[in-house]
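Enquirer: Input: one structure, supplied below.
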Amino acid sequence: MDNSKSFSIGLVGLGTVGSATLKLLENQLININQKSGKKIIIKAISAKDKNKNRNIDINKYDWEESPLALAEREDIDAIVELVGGSDGLAKKLAYTAIENNKYFITANKALIAKYGYDLHDKASNKDLAIYYEAAVAGAIPVINSINDGLVSNNIISIHAILNGTCNYILSDMTNNSNSFEDALIKAKELGFAEADPTFDVEGIDSAHKLVILGLLAYGAKPDLKKVYVEGITSIEAEDIKYANRLGYKIKLICIASLEKNKLDFRVHPALCLSGSICSGIGGALNAVFLEGDYSKKLTFIGEGAGAEPTASSVVSDIIHAAKSNKFLNSFRSIKNVREYKKITSRVGKYYIRLLVNDKPGVLASITSVLNENGISLDSVIQEGNESEENKYIIILTHDCNELNINNAINKIDSLNSLIGKSYLIRVENI
């Protein structure tokens, strides 16, 4: 490693985030150098197409056709990877950088969610570090807060809104009475959703970020297969309307906690009380609610995506790397693999939406099934839709076990009076 007063980086990837990172480094270089105590040098860059119009002059930097060549150069101290993807080039860059004694800086949530545990182990063995503040919640400094500011605490729980696409869609459905499909089209037009939004709306993007936070907070070796993940594609305008009437807003919530030495990691839509801070997180914003045993409850709210907020965190990590702030303690303490709780062990309230034939005795038959499974009712709404023959029944339960409610729902779905399948949303007290 170069221990002089300079710190040289190799930047791979010149998309929206990569270009914004380069611009930030250029525009704020004097300030960045003062904060890092080093002279930050952009030694070389690499991307798919050198001749692409990026509205930035890249000719002043060395160009490497092979990104991996950057990780092997002796005149580079750190690799900044802004390519994306959990495998392929991003993975090769990460491991090659560490093998060649380089710090590794990334905004790649998929990579860290899949290989972060192993990369941390390999980096610590070489007295190096990897940095990925930009991988979770954009400009919100939640990674460094857990690693540094809250290092004296045991993290009791994490609740978070970590996907701006989903939050924008649900906010638009709430504020403008739009359907999911119309809200998604609007999100695409405004640049809040990708052409293929599957990773966002199905909760996969949120799960990657949750696993990273869990890795830091609980020393939890990532296992995405054991994280319960449910997206927002089944939420209808009626759910937004009835949730509001019951005093709730619907959000896509990420939850991580450690209960009786078991990990409770899940991503799913949830009803949050209308007066809560969580319900007021609108548009494409992200929010993270942390609770430590001594810090108590902390709330972080801000821009969770976008080129400039993400670049802000990437450059912050470059400064930390230049100062050699390694933040490795959380990972050195990992000694065992903890079990994950199953979603069926959850206990809490539930919202149930049913569309039924409007016949005498329908509600009685439904409540009978619920009672047989030990489920009591908090609130019930019965309301017809456009067809006079059908009506919605909306049920809010008291606390009950998810296994019991699943058993009840399976039986209710088999009733002749039911039209289609029932839909269930958990209620979370955040």
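Residues in the structure tokens are numbered from 1 in each chain, the chains being A, B, ... in the order shown, and ligands are numbered from 1 in the order shown.
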Please produce, as JSON lines, a per-residue contact table for segment 68-151 of chain A versus segment 7-16 of chain A (criterion: any atom at most 10 Å away, only C-alpha atoms considered), showing the nearest atom pair and its distance in Å to one decimal, sorted by chain then residue number.
Expert:
{"residue": "A:Leu68", "atom": "CA", "partner": "A:Val12", "partner_atom": "CA", "distance": 9.1}
{"residue": "A:Ala69", "atom": "CA", "partner": "A:Gly10", "partner_atom": "CA", "distance": 9.7}
{"residue": "A:Leu70", "atom": "CA", "partner": "A:Gly10", "partner_atom": "CA", "distance": 6.0}
{"residue": "A:Ala71", "atom": "CA", "partner": "A:Gly10", "partner_atom": "CA", "distance": 7.6}
{"residue": "A:Arg73", "atom": "CA", "partner": "A:Gly10", "partner_atom": "CA", "distance": 9.1}
{"residue": "A:Asp75", "atom": "CA", "partner": "A:Ser8", "partner_atom": "CA", "distance": 7.0}
{"residue": "A:Ile76", "atom": "CA", "partner": "A:Ser8", "partner_atom": "CA", "distance": 5.0}
{"residue": "A:Asp77", "atom": "CA", "partner": "A:Ser8", "partner_atom": "CA", "distance": 5.2}
{"residue": "A:Ala78", "atom": "CA", "partner": "A:Ile9", "partner_atom": "CA", "distance": 4.8}
{"residue": "A:Ile79", "atom": "CA", "partner": "A:Gly10", "partner_atom": "CA", "distance": 4.9}
{"residue": "A:Val80", "atom": "CA", "partner": "A:Leu11", "partner_atom": "CA", "distance": 4.8}
{"residue": "A:Glu81", "atom": "CA", "partner": "A:Val12", "partner_atom": "CA", "distance": 5.1}
{"residue": "A:Leu82", "atom": "CA", "partner": "A:Gly13", "partner_atom": "CA", "distance": 4.9}
{"residue": "A:Val83", "atom": "CA", "partner": "A:Gly13", "partner_atom": "CA", "distance": 5.0}
{"residue": "A:Gly84", "atom": "CA", "partner": "A:Gly13", "partner_atom": "CA", "distance": 8.7}
{"residue": "A:Leu89", "atom": "CA", "partner": "A:Val12", "partner_atom": "CA", "distance": 9.9}
{"residue": "A:Ala90", "atom": "CA", "partner": "A:Val12", "partner_atom": "CA", "distance": 9.3}
{"residue": "A:Leu93", "atom": "CA", "partner": "A:Val12", "partner_atom": "CA", "distance": 9.0}
{"residue": "A:Lys102", "atom": "CA", "partner": "A:Ile9", "partner_atom": "CA", "distance": 9.3}
{"residue": "A:Tyr103", "atom": "CA", "partner": "A:Ile9", "partner_atom": "CA", "distance": 9.1}
{"residue": "A:Phe104", "atom": "CA", "partner": "A:Ile9", "partner_atom": "CA", "distance": 9.7}
{"residue": "A:Ile105", "atom": "CA", "partner": "A:Leu11", "partner_atom": "CA", "distance": 9.5}
{"residue": "A:Thr106", "atom": "CA", "partner": "A:Val12", "partner_atom": "CA", "distance": 9.8}
Enquirer: Keeping only C-alpha atoms, write those residues as a PDB file, in the first residue's frame.
Expert:
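See selection23.pdb below for the written result:
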ATOM      1  CA  LEU A  68      -9.228  -6.031 -13.822  1.00  0.00           C
ATOM      2  CA  ALA A  69      -5.954  -4.429 -14.901  1.00  0.00           C
ATOM      3  CA  LEU A  70      -6.773  -1.558 -12.541  1.00  0.00           C
ATOM      4  CA  ALA A  71      -6.861  -3.953  -9.594  1.00  0.00           C
ATOM      5  CA  ARG A  73      -1.648  -1.861 -10.912  1.00  0.00           C
ATOM      6  CA  ASP A  75       0.222   2.677  -8.429  1.00  0.00           C
ATOM      7  CA  ILE A  76      -3.396   2.299  -7.268  1.00  0.00           C
ATOM      8  CA  ASP A  77      -4.428   2.108  -3.596  1.00  0.00           C
ATOM      9  CA  ALA A  78      -8.176   1.519  -3.919  1.00  0.00           C
ATOM     10  CA  ILE A  79     -10.670   0.219  -6.455  1.00  0.00           C
ATOM     11  CA  VAL A  80     -14.055   1.949  -6.732  1.00  0.00           C
ATOM     12  CA  GLU A  81     -16.535  -0.443  -8.346  1.00  0.00           C
ATOM     13  CA  LEU A  82     -19.751   1.100  -9.715  1.00  0.00           C
ATOM     14  CA  VAL A  83     -20.717  -1.587 -12.209  1.00  0.00           C
ATOM     15  CA  GLY A  84     -23.395  -3.551 -10.322  1.00  0.00           C
ATOM     16  CA  LEU A  89     -17.026  -8.410 -13.316  1.00  0.00           C
ATOM     17  CA  ALA A  90     -18.026  -6.936  -9.931  1.00  0.00           C
ATOM     18  CA  LEU A  93     -12.920  -6.907  -9.234  1.00  0.00           C
ATOM     19  CA  LYS A 102      -6.193  -2.710  -2.537  1.00  0.00           C
ATOM     20  CA  TYR A 103      -9.039  -1.218  -0.555  1.00  0.00           C
ATOM     21  CA  PHE A 104     -12.382  -1.963  -2.215  1.00  0.00           C
ATOM     22  CA  ILE A 105     -15.205   0.593  -2.387  1.00  0.00           C
ATOM     23  CA  THR A 106     -18.601  -0.162  -3.907  1.00  0.00           C
TER      24      THR A 106
END
Enquirer: When DSSP works through the backbone of this structure, what residues of segment 201-423 of chain A end up as alpha helix (DSSP H), shown as a PyMOL selection string?
Expert: chain A and resi 201+204-218+237-245+307-323+329-332+362-372+402-413
Enquirer: Out of A:Ile281, A:Asp239, A:Ser124, A:Glu308, which residue has the shortest atom-to-atom distance to Glu99 of chain A when counting only C-alpha atoms?
Expert: A:Ser124
Enquirer: Give the answer as one residue: which of A:Ser295, A:Phe265, A:Tyr242, A:Leu170 has the shortest atom-to-atom distance to Gln382 of chain A, using only C-alpha atoms?
Expert: A:Tyr242
Enquirer: Excluding same-chain residues fewer than 4 positions from Asn410 of chain A, what lies within 10 Å of it counting only C-alpha atoms, as a list in words?
Expert: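 Neighbouring residues, sequence-local ones excluded: Val369, Ile405, Asn406, Ser414, Leu415, Lys421 and Ser422 of chain A.
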Enquirer: Between A:Gly374, A:Gly247, A:Gly18, A:Gly304, which has the minimum distance to Tyr351 of chain A (counting only C-alpha atoms)?
Expert: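 Of the candidates, the smallest distance to Tyr351 of chain A is held by A:Gly247.
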Enquirer: Which polymer residues have any atom within 9 Å of an atom of segment 208-214 of chain A, counting only C-alpha atoms, with same-chain residues fewer than 6 positions away left out, as a PDB file with C-alpha atoms, in the first residue's frame?
Expert:
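Okay, selection33.pdb is ready:
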ATOM      1  CA  LYS A 109     -25.794  -4.077  -2.698  1.00  0.00           C
ATOM      2  CA  ALA A 110     -26.194  -7.386  -4.542  1.00  0.00           C
ATOM      3  CA  LEU A 111     -22.463  -8.091  -4.343  1.00  0.00           C
ATOM      4  CA  ILE A 112     -22.193  -7.274  -0.632  1.00  0.00           C
ATOM      5  CA  ALA A 113     -25.375  -9.173   0.218  1.00  0.00           C
ATOM      6  CA  LYS A 114     -23.966 -12.290  -1.433  1.00  0.00           C
ATOM      7  CA  GLY A 116     -19.752  -9.338   1.818  1.00  0.00           C
ATOM      8  CA  ALA A 135     -25.099   0.127  -1.056  1.00  0.00           C
ATOM      9  CA  VAL A 136     -27.849   0.833   1.499  1.00  0.00           C
ATOM     10  CA  ALA A 137     -30.117   3.900   1.626  1.00  0.00           C
ATOM     11  CA  VAL A 142     -26.598   4.113   8.231  1.00  0.00           C
ATOM     12  CA  ILE A 143     -23.643   1.756   7.594  1.00  0.00           C
ATOM     13  CA  ILE A 146     -23.966   1.024  12.967  1.00  0.00           C
ATOM     14  CA  ILE A 158     -34.066  -2.404  12.628  1.00  0.00           C
ATOM     15  CA  ALA A 160     -36.672   0.406   7.425  1.00  0.00           C
ATOM     16  CA  LEU A 162     -35.276   0.869   1.767  1.00  0.00           C
ATOM     17  CA  ALA A 220     -25.534 -12.621  10.557  1.00  0.00           C
ATOM     18  CA  LYS A 221     -23.991 -14.550   7.716  1.00  0.00           C
ATOM     19  CA  PRO A 222     -26.183 -13.628   4.724  1.00  0.00           C
ATOM     20  CA  ASP A 223     -28.666 -16.240   3.561  1.00  0.00           C
ATOM     21  CA  LEU A 224     -31.236 -14.635   1.281  1.00  0.00           C
ATOM     22  CA  VAL A 227     -35.272 -14.141   4.511  1.00  0.00           C
ATOM     23  CA  CYS A 254     -37.777  -4.273   6.104  1.00  0.00           C
ATOM     24  CA  ILE A 255     -37.385  -5.810   9.568  1.00  0.00           C
ATOM     25  CA  ALA A 256     -34.327  -7.259  11.284  1.00  0.00           C
ATOM     26  CA  SER A 257     -34.097  -8.308  14.924  1.00  0.00           C
ATOM     27  CA  LEU A 263     -32.741 -13.920  13.428  1.00  0.00           C
ATOM     28  CA  PHE A 265     -35.379 -11.027   8.923  1.00  0.00           C
ATOM     29  CA  ARG A 266     -38.284 -10.158   6.627  1.00  0.00           C
ATOM     30  CA  VAL A 267     -39.452  -7.810   3.882  1.00  0.00           C
TER      31      VAL A 267
END
Enquirer: Report, in Å to a single decimal, how far apart atom CA of Ile425 of chain A and atom CA of Ile235 of chain A are.
Expert: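 Atom-to-atom, atom CA of Ile235 of chain A and atom CA of Ile425 of chain A are spaced 9.0 Å apart.
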Enquirer: I want to know what sits within 10 Å of Cys166 of chain A, based on only C-alpha atoms, with residues of the same chain fewer than 4 positions away left out; could you give that as a list in words?
Expert: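 So the residues in contact are Ile161, Leu162, Leu170, Ser171, Asp172, Phe180, Ala183, Leu184, Ala187, Phe192, Ala193, Pro197, Asp200, Val201, Glu202, Gly203, Ser206, Gly231, Ile232, Thr233, Lys251, Leu252, Pro269, Gly283, Ala284 and Leu285 of chain A.
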